[in-house]
>>> print(open('data37.csv').read())   # CSV, C-alpha atoms
chain,number,residue,atom,x,y,z
E,227,MET,CA,0.0,0.0,0.0
E,228,SER,CA,1.4,3.4,-0.9
E,229,ARG,CA,0.8,6.7,0.8
E,230,ILE,CA,0.3,10.1,-0.9
E,231,TYR,CA,1.2,13.1,1.1
E,232,GLY,CA,-0.2,16.5,0.0
E,233,THR,CA,-3.2,18.7,0.2
E,234,THR,CA,-6.4,18.1,-1.7
E,235,GLU,CA,-7.8,21.6,-1.0
E,236,PRO,CA,-8.7,23.7,-4.0
E,237,ILE,CA,-6.5,26.7,-4.8
E,238,PRO,CA,-7.9,29.9,-3.2
E,239,ALA,CA,-9.4,32.4,-5.6
E,240,ALA,CA,-7.0,35.1,-4.5
E,241,THR,CA,-4.0,33.1,-5.8
E,242,ARG,CA,-5.4,32.5,-9.2
E,243,ARG,CA,-4.3,34.9,-11.9
E,244,PRO,CA,-6.9,36.5,-14.0
E,245,VAL,CA,-6.9,35.3,-17.6
E,246,TYR,CA,-6.3,38.2,-20.0
E,247,SER,CA,-7.9,37.6,-23.4
E,248,PRO,CA,-7.4,40.3,-26.1
E,249,LEU,CA,-10.3,38.6,-28.0
E,250,GLU,CA,-12.6,39.3,-25.1
E,251,VAL,CA,-11.6,43.0,-25.1
E,252,TYR,CA,-12.3,43.3,-28.8
E,253,TRP,CA,-15.6,41.4,-28.5
E,254,GLU,CA,-16.8,43.7,-25.7
E,255,ALA,CA,-15.8,46.8,-27.8
E,256,PHE,CA,-17.6,45.3,-30.8
E,257,GLN,CA,-20.8,44.7,-28.7
E,258,GLU,CA,-20.6,48.3,-27.4
E,259,TRP,CA,-20.2,49.6,-31.0
E,260,ARG,CA,-23.3,47.6,-32.1
E,261,LYS,CA,-25.3,48.9,-29.1
E,262,ARG,CA,-24.5,52.5,-30.1
E,263,ALA,CA,-25.3,51.9,-33.7
E,264,ARG,CA,-28.7,50.4,-32.7
E,265,LEU,CA,-29.4,53.4,-30.5
E,266,ARG,CA,-28.5,55.8,-33.4
E,267,ARG,CA,-30.8,53.9,-35.8
E,268,GLN,CA,-33.7,54.0,-33.3
E,269,LEU,CA,-33.3,57.7,-32.7
E,270,CYS,CA,-33.1,58.4,-36.4
E,271,GLN,CA,-36.5,56.6,-36.8
E,272,LEU,CA,-38.2,59.0,-34.4
E,273,SER,CA,-40.0,62.1,-35.6
E,274,ASP,CA,-38.8,65.6,-34.7
E,275,SER,CA,-41.6,66.0,-32.2
E,276,GLU,CA,-40.7,62.7,-30.5
E,277,LEU,CA,-37.1,63.7,-30.3
E,278,ILE,CA,-38.1,67.1,-28.7
E,279,ASP,CA,-40.2,65.1,-26.2
E,280,ILE,CA,-37.0,63.3,-25.0
E,281,GLY,CA,-35.0,66.5,-25.0
E,282,ILE,CA,-32.7,66.2,-28.1
E,283,THR,CA,-32.7,67.4,-31.6
E,284,ARG,CA,-31.9,65.6,-34.8
E,285,GLY,CA,-28.5,67.2,-34.9
E,286,GLU,CA,-27.6,65.8,-31.5
E,287,ILE,CA,-28.3,62.1,-32.4
E,288,ASP,CA,-24.7,61.3,-33.3
E,289,TYR,CA,-23.4,63.0,-30.1
E,290,VAL,CA,-25.9,61.2,-27.9
E,291,ALA,CA,-25.3,57.8,-29.5
E,292,SER,CA,-21.5,58.1,-29.1
E,293,HIS,CA,-21.5,59.1,-25.4
E,294,PRO,CA,-22.9,56.2,-23.3
E,295,SER,CA,-23.2,58.4,-20.2
E,296,ILE,CA,-26.0,60.4,-21.9
E,297,ASP,CA,-29.4,58.9,-21.5
E,298,PRO,CA,-31.8,60.1,-24.2
E,299,THR,CA,-34.8,58.3,-22.8
E,300,GLY,CA,-34.2,58.8,-19.1
E,301,CYS,CA,-35.1,55.2,-18.3
E,302,ARG,CA,-31.8,53.3,-18.4
E,303,SER,CA,-30.6,51.8,-15.2
E,304,ARG,CA,-27.4,53.2,-13.8
>>> encode(input="data37.csv", output="C-alpha cells")
Amino acid sequence: MSRIYGTTEPIPAATRRPVYSPLEVYWEAFQEWRKRARLRRQLCQLSDSELIDIGITRGEIDYVASHPSIDPTGCRSR
C-alpha cells in the first residue's frame, strides 16, 4: 500500500491569476459599438416632435449615441 502526502484543497481564488484575453476585449468593444449603432438607428427613426419630447434634436443624435453616459430616454438603469 502506498501513501500520498499533500493537500487536496482547491487553490484559493486570491492566488489565481486573471486570464487576459485580447479577444474578449475586442468582443466587448464590438458589442458596445453595435449597441451605439442600434441606438443611433432607433433615434433616427423617431419624428422631430418625439425627439423634442425626450430632449434632443436631430443634430444631436450622433453625439448622444456616441456618449454612453448620456441617456436620451431617461429610463436606463445606472
>>> atom_distance(input="data37.csv", atom1="atom CA of Asp288 of chain E", atom2="atom CA of Pro248 of chain E")
28.1 Å
>>> atom_distance(input="data37.csv", atom1="atom CA of Glu250 of chain E", atom2="atom CA of Ile287 of chain E")
28.6 Å
>>> residues_around(input="data37.csv", residues="segment 264-269 of chain E", least_positions_apart="5", cutoff="9 Å", atoms="all atoms listed in the file", output="NGL selection string")
:E and (259 or 277 or 284 or 287-288 or 290-292 or 298)
>>> closest_residue(input="data37.csv", among="E:Ile280, E:Pro294, E:Ser275, E:Tyr246", to="Arg262 of chain E", atoms="all atoms listed in the file")
E:Pro294
>>> atom_distance(input="data37.csv", atom1="atom CA of Thr283 of chain E", atom2="atom CA of Arg260 of chain E")
21.9 Å
